[in-house]
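Chemist: entry16.pdb (PDB, C-alpha atoms) pasted underneath:
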```pdb
MODEL        1
ATOM      1  CA  ASN A  22      21.005 185.257  94.907  1.00  0.00           C
ATOM      2  CA  ASP A  23      18.558 182.929  96.718  1.00  0.00           C
ATOM      3  CA  ARG A  24      15.985 180.727  94.999  1.00  0.00           C
ATOM      4  CA  PHE A  25      13.223 181.210  97.576  1.00  0.00           C
ATOM      5  CA  ASN A  26      14.144 184.271  99.682  1.00  0.00           C
ATOM      6  CA  PRO A  27      16.106 186.559  97.337  1.00  0.00           C
ATOM      7  CA  THR A  28      17.469 190.026  98.091  1.00  0.00           C
ATOM      8  CA  GLU A  29      19.008 190.746  94.679  1.00  0.00           C
ATOM      9  CA  GLY A  30      18.231 189.802  91.096  1.00  0.00           C
ATOM     10  CA  TYR A  31      15.072 188.832  89.260  1.00  0.00           C
ATOM     11  CA  ASP A  32      13.031 185.752  88.477  1.00  0.00           C
ATOM     12  CA  LEU A  33      10.634 184.919  85.678  1.00  0.00           C
ATOM     13  CA  HIS A  34       8.188 182.072  85.230  1.00  0.00           C
ATOM     14  CA  TYR A  35       5.506 181.205  82.686  1.00  0.00           C
ATOM     15  CA  ASN A  36       3.248 178.339  81.699  1.00  0.00           C
ATOM     16  CA  VAL A  37       1.182 177.605  78.576  1.00  0.00           C
ATOM     17  CA  GLU A  38      -1.506 174.904  78.325  1.00  0.00           C
ATOM     18  CA  LEU A  39      -3.429 173.850  75.214  1.00  0.00           C
ATOM     19  CA  ALA A  40      -6.333 171.394  75.410  1.00  0.00           C
ATOM     20  CA  GLY A  41      -8.564 169.941  72.719  1.00  0.00           C
ATOM     21  CA  PRO A  42      -9.877 166.794  70.990  1.00  0.00           C
ATOM     22  CA  PRO A  43     -10.068 163.881  71.392  1.00  0.00           C
ATOM     23  CA  GLY A  44     -11.283 165.202  74.760  1.00  0.00           C
ATOM     24  CA  ASP A  45     -14.375 167.404  75.097  1.00  0.00           C
ATOM     25  CA  VAL A  46     -12.490 170.335  76.684  1.00  0.00           C
ATOM     26  CA  GLY A  47     -10.766 172.961  74.591  1.00  0.00           C
ATOM     27  CA  PHE A  48      -8.849 175.982  75.782  1.00  0.00           C
ATOM     28  CA  LEU A  49      -5.642 177.974  75.643  1.00  0.00           C
ATOM     29  CA  LYS A  50      -4.370 178.947  79.101  1.00  0.00           C
ATOM     30  CA  CYS A  51      -1.377 181.232  79.683  1.00  0.00           C
ATOM     31  CA  SER A  52       0.039 182.360  83.015  1.00  0.00           C
ATOM     32  CA  GLY A  53       3.280 183.780  84.326  1.00  0.00           C
ATOM     33  CA  GLY A  54       5.008 186.351  86.431  1.00  0.00           C
ATOM     34  CA  VAL A  55       8.104 188.399  87.029  1.00  0.00           C
ATOM     35  CA  ALA A  56       9.750 189.604  90.240  1.00  0.00           C
ATOM     36  CA  LEU A  57      12.523 192.141  90.814  1.00  0.00           C
ATOM     37  CA  HIS A  58      14.717 192.300  93.924  1.00  0.00           C
ATOM     38  CA  ILE A  59      16.917 195.362  94.498  1.00  0.00           C
ATOM     39  CA  PRO A  60      19.371 195.777  97.416  1.00  0.00           C
ATOM     40  CA  VAL A  61      19.011 199.286  98.857  1.00  0.00           C
ATOM     41  CA  VAL A  62      21.338 199.357 101.894  1.00  0.00           C
ATOM     42  CA  PRO A  63      24.446 197.130 102.080  1.00  0.00           C
ATOM     43  CA  GLU A  64      24.454 194.656 104.945  1.00  0.00           C
ATOM     44  CA  GLN A  65      27.297 195.890 107.161  1.00  0.00           C
ATOM     45  CA  GLN A  66      27.914 197.577 110.480  1.00  0.00           C
ATOM     46  CA  ARG A  67      29.543 200.891 111.228  1.00  0.00           C
ATOM     47  CA  GLN A  68      31.279 201.789 114.438  1.00  0.00           C
ATOM     48  CA  GLY A  69      31.017 205.255 115.959  1.00  0.00           C
ATOM     49  CA  HIS A  70      31.831 206.846 119.298  1.00  0.00           C
ATOM     50  CA  SER A  71      30.116 210.246 119.218  1.00  0.00           C
ATOM     51  CA  ARG A  72      26.362 210.511 119.860  1.00  0.00           C
ATOM     52  CA  GLN A  73      25.811 211.570 116.271  1.00  0.00           C
ATOM     53  CA  GLN A  74      27.850 208.620 115.026  1.00  0.00           C
ATOM     54  CA  GLN A  75      25.985 206.243 117.372  1.00  0.00           C
ATOM     55  CA  ASN A  76      22.595 207.509 116.154  1.00  0.00           C
ATOM     56  CA  ALA A  77      23.740 207.112 112.557  1.00  0.00           C
ATOM     57  CA  SER A  78      25.070 203.653 113.369  1.00  0.00           C
ATOM     58  CA  LEU A  79      21.754 202.613 114.994  1.00  0.00           C
ATOM     59  CA  LEU A  80      19.782 203.828 111.993  1.00  0.00           C
ATOM     60  CA  HIS A  81      22.147 202.046 109.648  1.00  0.00           C
ATOM     61  CA  GLN A  82      21.870 198.789 111.635  1.00  0.00           C
ATOM     62  CA  LEU A  83      18.070 198.949 111.489  1.00  0.00           C
ATOM     63  CA  CYS A  84      18.214 199.439 107.715  1.00  0.00           C
ATOM     64  CA  SER A  85      21.230 197.203 107.113  1.00  0.00           C
ATOM     65  CA  GLY A  86      20.524 194.694 104.376  1.00  0.00           C
ATOM     66  CA  LEU A  87      17.343 196.471 103.236  1.00  0.00           C
ATOM     67  CA  SER A  88      16.033 195.208  99.897  1.00  0.00           C
ATOM     68  CA  PHE A  89      13.103 196.302  97.765  1.00  0.00           C
ATOM     69  CA  HIS A  90      10.937 193.696  96.063  1.00  0.00           C
ATOM     70  CA  ALA A  91       8.289 194.031  93.358  1.00  0.00           C
ATOM     71  CA  SER A  92       6.347 191.321  91.562  1.00  0.00           C
ATOM     72  CA  LEU A  93       3.569 191.034  88.993  1.00  0.00           C
ATOM     73  CA  ASN A  94       1.708 187.836  88.097  1.00  0.00           C
ATOM     74  CA  GLY A  95      -1.198 187.184  85.784  1.00  0.00           C
ATOM     75  CA  GLY A  96      -3.046 184.715  83.629  1.00  0.00           C
ATOM     76  CA  LEU A  97      -5.649 184.372  80.885  1.00  0.00           C
ATOM     77  CA  ILE A  98      -7.712 181.425  79.665  1.00  0.00           C
ATOM     78  CA  ARG A  99      -9.804 181.373  76.469  1.00  0.00           C
ATOM     79  CA  PRO A 100     -12.065 178.517  75.343  1.00  0.00           C
ATOM     80  CA  ILE A 101     -11.503 176.927  71.939  1.00  0.00           C
ATOM     81  CA  THR A 102     -14.524 175.136  70.454  1.00  0.00           C
ATOM     82  CA  TYR A 103     -12.726 173.378  67.571  1.00  0.00           C
ATOM     83  CA  GLY A 104     -15.779 173.859  65.367  1.00  0.00           C
ATOM     84  CA  GLY A 105     -18.301 172.793  67.997  1.00  0.00           C
ATOM     85  CA  LEU A 106     -16.418 169.758  69.312  1.00  0.00           C
ATOM     86  CA  CYS A 107     -15.713 171.480  72.646  1.00  0.00           C
ATOM     87  CA  SER A 108     -17.702 173.706  74.975  1.00  0.00           C
ATOM     88  CA  PRO A 109     -17.572 177.496  74.411  1.00  0.00           C
ATOM     89  CA  VAL A 110     -17.426 177.994  78.191  1.00  0.00           C
ATOM     90  CA  THR A 111     -14.376 177.273  80.362  1.00  0.00           C
ATOM     91  CA  ASN A 112     -14.711 174.536  82.962  1.00  0.00           C
ATOM     92  CA  LEU A 113     -14.622 175.409  86.643  1.00  0.00           C
ATOM     93  CA  ALA A 114     -11.551 173.230  87.247  1.00  0.00           C
ATOM     94  CA  ASP A 115      -9.550 175.036  84.537  1.00  0.00           C
ATOM     95  CA  ARG A 116     -10.178 178.619  85.723  1.00  0.00           C
ATOM     96  CA  PHE A 117      -7.972 180.788  87.912  1.00  0.00           C
ATOM     97  CA  PHE A 118      -8.544 181.158  91.661  1.00  0.00           C
ATOM     98  CA  VAL A 119      -6.910 183.920  93.685  1.00  0.00           C
ATOM     99  CA  GLY A 120      -6.179 184.353  97.380  1.00  0.00           C
ATOM    100  CA  GLY A 121      -3.998 183.011 100.137  1.00  0.00           C
ATOM    101  CA  PRO A 122      -0.456 183.532 101.437  1.00  0.00           C
ATOM    102  CA  LEU A 123       2.276 184.126  98.830  1.00  0.00           C
ATOM    103  CA  GLN A 124      -0.368 185.151  96.301  1.00  0.00           C
ATOM    104  CA  LEU A 125      -2.919 187.679  97.592  1.00  0.00           C
ATOM    105  CA  ARG A 126      -2.218 187.995 101.301  1.00  0.00           C
ATOM    106  CA  GLY A 127      -5.096 188.898 103.604  1.00  0.00           C
ATOM    107  CA  PHE A 128      -7.566 186.627 101.787  1.00  0.00           C
ATOM    108  CA  LEU A 129      -8.230 182.908 101.986  1.00  0.00           C
ATOM    109  CA  PRO A 130      -7.360 180.661  99.027  1.00  0.00           C
ATOM    110  CA  ALA A 131     -10.025 181.295  96.362  1.00  0.00           C
ATOM    111  CA  GLY A 132     -11.196 184.067  98.676  1.00  0.00           C
ATOM    112  CA  ILE A 133     -12.031 186.680  96.015  1.00  0.00           C
ATOM    113  CA  GLY A 134     -13.739 186.784  92.646  1.00  0.00           C
ATOM    114  CA  PRO A 135     -17.036 185.482  91.222  1.00  0.00           C
ATOM    115  CA  ARG A 136     -19.035 183.409  93.683  1.00  0.00           C
ATOM    116  CA  ALA A 137     -22.120 181.193  93.587  1.00  0.00           C
ATOM    117  CA  GLU A 138     -25.241 182.243  95.465  1.00  0.00           C
ATOM    118  CA  THR A 139     -25.058 179.146  97.650  1.00  0.00           C
ATOM    119  CA  GLY A 140     -22.388 176.953  99.208  1.00  0.00           C
ATOM    120  CA  GLY A 141     -19.308 178.293 100.884  1.00  0.00           C
ATOM    121  CA  LEU A 142     -19.104 175.748 103.685  1.00  0.00           C
ATOM    122  CA  SER A 143     -15.292 175.783 103.572  1.00  0.00           C
ATOM    123  CA  THR A 144     -14.945 179.325 102.211  1.00  0.00           C
ATOM    124  CA  PRO A 145     -17.464 181.908 103.491  1.00  0.00           C
ATOM    125  CA  GLY A 146     -19.426 183.933 100.953  1.00  0.00           C
ATOM    126  CA  GLY A 147     -20.532 181.184  98.537  1.00  0.00           C
ATOM    127  CA  ASP A 148     -18.597 178.694  96.433  1.00  0.00           C
ATOM    128  CA  ALA A 149     -15.814 180.297  94.375  1.00  0.00           C
ATOM    129  CA  MET A 150     -16.481 180.115  90.623  1.00  0.00           C
ATOM    130  CA  GLY A 151     -13.019 181.196  89.480  1.00  0.00           C
ATOM    131  CA  GLY A 152     -12.267 183.504  86.585  1.00  0.00           C
ATOM    132  CA  ASP A 153     -10.815 183.673  83.085  1.00  0.00           C
ATOM    133  CA  PHE A 154      -8.364 186.455  83.929  1.00  0.00           C
ATOM    134  CA  TYR A 155      -6.362 187.338  87.027  1.00  0.00           C
ATOM    135  CA  TYR A 156      -3.493 189.486  88.190  1.00  0.00           C
ATOM    136  CA  THR A 157      -1.652 190.031  91.465  1.00  0.00           C
ATOM    137  CA  ALA A 158       0.991 192.643  92.280  1.00  0.00           C
ATOM    138  CA  THR A 159       3.216 193.059  95.326  1.00  0.00           C
ATOM    139  CA  ALA A 160       5.595 195.763  96.539  1.00  0.00           C
ATOM    140  CA  ALA A 161       7.672 194.958  99.618  1.00  0.00           C
ATOM    141  CA  GLY A 162      10.730 195.816 101.664  1.00  0.00           C
ATOM    142  CA  SER A 163      12.697 193.349 103.770  1.00  0.00           C
ATOM    143  CA  VAL A 164      15.632 193.377 106.191  1.00  0.00           C
ATOM    144  CA  PRO A 165      17.536 190.642 108.055  1.00  0.00           C
ATOM    145  CA  PHE A 166      15.859 189.908 111.398  1.00  0.00           C
ATOM    146  CA  PRO A 167      17.379 192.503 113.782  1.00  0.00           C
ATOM    147  CA  GLY A 168      18.587 191.932 117.301  1.00  0.00           C
ATOM    148  CA  ILE A 169      18.675 188.122 117.294  1.00  0.00           C
ATOM    149  CA  PRO A 170      21.821 186.810 115.551  1.00  0.00           C
ATOM    150  CA  PHE A 171      20.510 183.227 115.378  1.00  0.00           C
ATOM    151  CA  LEU A 172      17.499 184.271 113.290  1.00  0.00           C
ATOM    152  CA  LYS A 173      19.527 186.656 111.141  1.00  0.00           C
ATOM    153  CA  ASN A 174      22.257 184.086 110.481  1.00  0.00           C
ATOM    154  CA  ASN A 175      19.655 181.532 109.386  1.00  0.00           C
ATOM    155  CA  GLY A 176      18.284 183.804 106.687  1.00  0.00           C
ATOM    156  CA  ILE A 177      15.084 184.917 108.417  1.00  0.00           C
ATOM    157  CA  ARG A 178      13.954 188.373 107.300  1.00  0.00           C
ATOM    158  CA  LEU A 179      11.371 190.910 108.380  1.00  0.00           C
ATOM    159  CA  MET A 180       9.066 192.056 105.585  1.00  0.00           C
ATOM    160  CA  GLY A 181       6.543 194.839 105.100  1.00  0.00           C
ATOM    161  CA  PHE A 182       4.375 194.783 101.993  1.00  0.00           C
ATOM    162  CA  ALA A 183       1.353 195.949 100.046  1.00  0.00           C
ATOM    163  CA  ASN A 184      -0.372 193.701  97.536  1.00  0.00           C
ATOM    164  CA  ALA A 185      -3.257 194.008  95.106  1.00  0.00           C
ATOM    165  CA  GLY A 186      -5.091 191.745  92.697  1.00  0.00           C
ATOM    166  CA  THR A 187      -8.317 190.481  91.227  1.00  0.00           C
ATOM    167  CA  VAL A 188      -9.836 187.614  89.268  1.00  0.00           C
ATOM    168  CA  SER A 189     -12.598 188.157  86.725  1.00  0.00           C
ATOM    169  CA  SER A 190     -14.755 186.481  84.102  1.00  0.00           C
ATOM    170  CA  LEU A 191     -14.398 187.634  80.503  1.00  0.00           C
ATOM    171  CA  ASN A 192     -17.849 188.151  79.071  1.00  0.00           C
ATOM    172  CA  GLY A 193     -17.642 188.602  75.318  1.00  0.00           C
ATOM    173  CA  GLY A 194     -13.952 187.745  75.204  1.00  0.00           C
ATOM    174  CA  ASN A 195     -12.678 191.224  76.045  1.00  0.00           C
ATOM    175  CA  ILE A 196     -10.626 192.247  79.088  1.00  0.00           C
ATOM    176  CA  PRO A 197     -12.845 194.823  80.878  1.00  0.00           C
ATOM    177  CA  LEU A 198     -10.184 197.202  82.202  1.00  0.00           C
ATOM    178  CA  GLN A 199     -12.623 199.395  84.117  1.00  0.00           C
ATOM    179  CA  SER A 200     -14.224 196.389  85.791  1.00  0.00           C
ATOM    180  CA  ILE A 201     -10.822 194.967  86.708  1.00  0.00           C
ATOM    181  CA  LEU A 202      -9.752 198.231  88.342  1.00  0.00           C
ATOM    182  CA  LYS A 203     -13.033 198.479  90.269  1.00  0.00           C
ATOM    183  CA  SER A 204     -12.785 194.876  91.490  1.00  0.00           C
ATOM    184  CA  THR A 205      -9.118 195.060  92.553  1.00  0.00           C
ATOM    185  CA  ARG A 206      -8.542 194.079  96.184  1.00  0.00           C
ATOM    186  CA  VAL A 207      -5.750 195.691  98.238  1.00  0.00           C
ATOM    187  CA  SER A 208      -4.093 194.741 101.534  1.00  0.00           C
ATOM    188  CA  VAL A 209      -1.053 195.738 103.585  1.00  0.00           C
ATOM    189  CA  GLY A 210       0.875 193.925 106.281  1.00  0.00           C
ATOM    190  CA  GLY A 211       4.123 192.560 107.611  1.00  0.00           C
ATOM    191  CA  GLY A 212       5.735 189.354 108.735  1.00  0.00           C
ATOM    192  CA  ILE A 213       8.772 187.107 108.590  1.00  0.00           C
ATOM    193  CA  THR A 214      10.125 185.082 105.667  1.00  0.00           C
ATOM    194  CA  MET A 215      12.619 182.269 105.337  1.00  0.00           C
ATOM    195  CA  GLY A 216      13.989 180.344 102.382  1.00  0.00           C
ATOM    196  CA  LEU A 217      13.989 176.567 102.871  1.00  0.00           C
ATOM    197  CA  GLY A 218      15.285 173.837 100.625  1.00  0.00           C
ATOM    198  CA  VAL A 219      11.731 173.087  99.465  1.00  0.00           C
ATOM    199  CA  GLY A 220      10.306 176.616  99.176  1.00  0.00           C
ATOM    200  CA  ARG A 221       9.624 179.994 100.739  1.00  0.00           C
ATOM    201  CA  LEU A 222       8.119 180.022 104.237  1.00  0.00           C
ATOM    202  CA  GLU A 223       6.057 183.023 105.372  1.00  0.00           C
ATOM    203  CA  ALA A 224       4.191 184.027 108.518  1.00  0.00           C
ATOM    204  CA  THR A 225       2.325 187.324 108.092  1.00  0.00           C
ATOM    205  CA  TYR A 226      -0.305 189.570 109.619  1.00  0.00           C
ATOM    206  CA  VAL A 227      -2.352 191.380 106.983  1.00  0.00           C
ATOM    207  CA  ILE A 228      -5.005 194.087 106.944  1.00  0.00           C
ATOM    208  CA  PRO A 229      -7.274 194.080 103.874  1.00  0.00           C
ATOM    209  CA  ILE A 230      -8.074 197.707 103.037  1.00  0.00           C
ATOM    210  CA  ARG A 231     -10.114 197.172  99.879  1.00  0.00           C
ATOM    211  CA  TYR A 232     -12.394 194.136  99.677  1.00  0.00           C
ATOM    212  CA  GLY A 233     -15.872 192.997  98.687  1.00  0.00           C
ATOM    213  CA  PRO A 234     -18.780 192.002 100.961  1.00  0.00           C
ATOM    214  CA  ARG A 235     -18.509 188.321  99.970  1.00  0.00           C
ATOM    215  CA  ASP A 236     -14.722 188.026 100.124  1.00  0.00           C
ATOM    216  CA  ALA A 237     -13.199 185.479 102.490  1.00  0.00           C
ATOM    217  CA  ARG A 238     -10.588 187.374 104.493  1.00  0.00           C
ATOM    218  CA  LYS A 239      -7.928 186.255 106.969  1.00  0.00           C
ATOM    219  CA  ASN A 240      -5.513 188.445 108.946  1.00  0.00           C
ATOM    220  CA  ALA A 241      -2.936 185.964 110.287  1.00  0.00           C
ATOM    221  CA  GLN A 242      -1.530 183.639 107.633  1.00  0.00           C
ATOM    222  CA  PHE A 243       1.145 180.983 107.335  1.00  0.00           C
ATOM    223  CA  GLY A 244       2.222 179.476 104.038  1.00  0.00           C
ATOM    224  CA  LEU A 245       4.848 177.695 101.980  1.00  0.00           C
ATOM    225  CA  GLY A 246       5.375 178.446  98.288  1.00  0.00           C
ATOM    226  CA  PHE A 247       7.893 178.749  95.480  1.00  0.00           C
ATOM    227  CA  ASN A 248       8.009 182.514  94.860  1.00  0.00           C
ATOM    228  CA  MET A 249       7.217 185.825  96.507  1.00  0.00           C
ATOM    229  CA  GLY A 250       3.789 186.141  94.857  1.00  0.00           C
TER     230      GLY A 250
ENDMDL
END
```
Please, can you express the file's structure as structure tokens?

Modeler:
Amino acid sequence: NDRFNPTEGYDLHYNVELAGPPGDVGFLKCSGGVALHIPVVPEQQRQGHSRQQQNASLLHQLCSGLSFHASLNGGLIRPITYGGLCSPVTNLADRFFVGGPLQLRGFLPAGIGPRAETGGLSTPGGDAMGGDFYYTATAAGSVPFPGIPFLKNNGIRLMGFANAGTVSSLNGGNIPLQSILKSTRVSVGGGITMGLGVGRLEATYVIPIRYGPRDARKNAQFGLGFNMG
């Protein structure tokens, strides 16, 4: 019901890239995601005069317009050598990088995953090397901004969420499920969201609760994107 700040419906996106000769880079890269938005409490007000009715009305107003959101995104890249014409290793620029607002909140862009031993001037922990496989998942609840009609009427919502994700190299071409589960990062937080004509605007405060010693973390984040992440 809203392209960038939905409360009902679903959205789906995917992308497929194929590279090869006459260039010296060969790969097949697939990525995509799906999000589901379910209204839980109708957005309306109830009038009551008794104390019990007033308490029920207050609770209903706090939960009025409550929606549940869930999303899952992922990607996979595999090199194609074309009989030795292209490298059997993916290039750094073609790999996936994970982190940042509207993707994996609580971490800087490219803030998790394989890292070099040196570097990291712009991102602490060493230069990000990217990965051949990634996933991110988010579960969230949101309500219209309570108490301030101007914010509510302009589509600004309060949001609480938990998100998880990882990015990993694929040694040997297999997806190492156990390694992916062990390397999954998790964070929880809350903030405000607003749908603009050019994208989804978020301001959040996040607490990473599962992270690695070389991850680049950030609690307060502000970002603009095209989907919930």

Chemist: Let me make sure I understand: among A:Val164, A:Ile213, A:Ile201, A:Ile133, which one has the smallest atom-to-atom distance to A:Gly121 if we use all atoms listed in the file?

Modeler: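 Smallest separation from A:Gly121 among the options: A:Ile133.
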
Chemist: What residues come out when you apply the PyMOL selection byres ((chain A and resi 86) around 8) to this file, written as a list in words?

Modeler: Pro60, Val61, Val62, Pro63, Glu64, Gln65, Cys84, Ser85, Leu87, Ser88, Ser163, Val164 and Pro165 of chain A

Chemist: Between A:Asn195, A:Thr111, A:Asn175, A:Thr205, which is the closest to A:Phe48 once you count all atoms listed in the file?

Modeler: A:Thr111

Chemist: Name the residues in contact with A:Val209 at a cut-off of 10 Å, using only C-alpha atoms, excluding same-chain residues fewer than 2 positions from it; report them as a PyMOL selection string.

Modeler: chain A and resi 126-127+159-161+181-185+207+211+226-231

Chemist: Smallest atom-to-atom distance to A:Tyr156: which of A:Tyr103, A:Phe243, A:Phe117, A:Phe128, using only C-alpha atoms?

Modeler: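 For A:Tyr156, the nearest of the given residues is A:Phe117.
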
Chemist: Can you list what the PyMOL selection byres ((chain A and resi 192) around 12) grabs from this structure, as a PyMOL selection string?

Modeler: chain A and resi 99-100+109-111+152-154+189-191+193-197+200

Chemist: Now that the selection is made, can you save its residues with C-alpha atoms as a short mmCIF file (atom, residue, chain, number, x, y, z; two decimals), in the coordinates of the input?

Modeler:
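So selection15.cif came out as:
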```cif
data_model
loop_
_atom_site.label_atom_id
_atom_site.label_comp_id
_atom_site.auth_asym_id
_atom_site.auth_seq_id
_atom_site.Cartn_x
_atom_site.Cartn_y
_atom_site.Cartn_z
CA ARG A 99 -9.80 181.37 76.47
CA PRO A 100 -12.06 178.52 75.34
CA PRO A 109 -17.57 177.50 74.41
CA VAL A 110 -17.43 177.99 78.19
CA THR A 111 -14.38 177.27 80.36
CA GLY A 152 -12.27 183.50 86.58
CA ASP A 153 -10.82 183.67 83.08
CA PHE A 154 -8.36 186.46 83.93
CA SER A 189 -12.60 188.16 86.72
CA SER A 190 -14.76 186.48 84.10
CA LEU A 191 -14.40 187.63 80.50
CA GLY A 193 -17.64 188.60 75.32
CA GLY A 194 -13.95 187.74 75.20
CA ASN A 195 -12.68 191.22 76.04
CA ILE A 196 -10.63 192.25 79.09
CA PRO A 197 -12.84 194.82 80.88
CA SER A 200 -14.22 196.39 85.79
#
```

Chemist: Grab the atom CA of A:Ile98 to atom CA of A:Leu202 distance for me, in Å with one decimal place.

Modeler: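 Atom CA of A:Ile98 sits 19.0 Å away from atom CA of A:Leu202.
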
Chemist: In Å, rounded to a single decimal, give me how far atom CA of A:Arg221 is from atom CA of A:Leu179.

Modeler: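 About the pair atom CA of A:Leu179 and atom CA of A:Arg221: they are 13.4 Å apart.
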
Chemist: Under the PyMOL selection byres ((chain A and resi 214) around 9), which residues of this model are included? Write them out as a PDB file with C-alpha atoms, in the coordinates of the input.

Modeler:
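That gives us out_6.pdb:
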```
ATOM      1  CA  ASN A  26      14.144 184.271  99.682  1.00  0.00           C
ATOM      2  CA  SER A 163      12.697 193.349 103.770  1.00  0.00           C
ATOM      3  CA  GLY A 176      18.284 183.804 106.687  1.00  0.00           C
ATOM      4  CA  ILE A 177      15.084 184.917 108.417  1.00  0.00           C
ATOM      5  CA  ARG A 178      13.954 188.373 107.300  1.00  0.00           C
ATOM      6  CA  LEU A 179      11.371 190.910 108.380  1.00  0.00           C
ATOM      7  CA  MET A 180       9.066 192.056 105.585  1.00  0.00           C
ATOM      8  CA  GLY A 212       5.735 189.354 108.735  1.00  0.00           C
ATOM      9  CA  ILE A 213       8.772 187.107 108.590  1.00  0.00           C
ATOM     10  CA  MET A 215      12.619 182.269 105.337  1.00  0.00           C
ATOM     11  CA  GLY A 216      13.989 180.344 102.382  1.00  0.00           C
ATOM     12  CA  ARG A 221       9.624 179.994 100.739  1.00  0.00           C
ATOM     13  CA  LEU A 222       8.119 180.022 104.237  1.00  0.00           C
ATOM     14  CA  GLU A 223       6.057 183.023 105.372  1.00  0.00           C
ATOM     15  CA  ALA A 224       4.191 184.027 108.518  1.00  0.00           C
ATOM     16  CA  THR A 225       2.325 187.324 108.092  1.00  0.00           C
TER      17      THR A 225
END
```

Chemist: May I have the residues at most 12 Å from (-20.0, 178.9, 91.2) in the file's coordinates, counting only C-alpha atoms, as a PyMOL selection string?

Modeler: chain A and resi 112-114+116+118+131+134-141+146-152+190

Chemist: Please measure the separation of atom CA of A:Thr157 and atom CA of A:Leu49, giving the value in Å to one decimal.

Modeler: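 About the pair atom CA of A:Thr157 and atom CA of A:Leu49: they are 20.3 Å apart.
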
Chemist: Compare A:Gly104, A:Gly233, A:Gly220, A:Pro167 by their minimum atom-to-atom distance to A:Leu123, counting all atoms listed in the file, and give me the closest one.

Modeler: A:Gly220

Chemist: Would you please work out which residue, of A:Pro122, A:Gly30, A:Gly246, A:Pro234, is nearest to A:Ser208 when using all atoms listed in the file?

Modeler: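 With all atoms listed in the file as the atom set, the closest residue is A:Pro122.
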
Chemist: Given the choices A:Leu217, A:Val119, A:Leu57, A:Cys107, which gets closest to A:Tyr155 if the distance is worked out from only C-alpha atoms?

Modeler: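 Closest residue, counting only C-alpha atoms: A:Val119.
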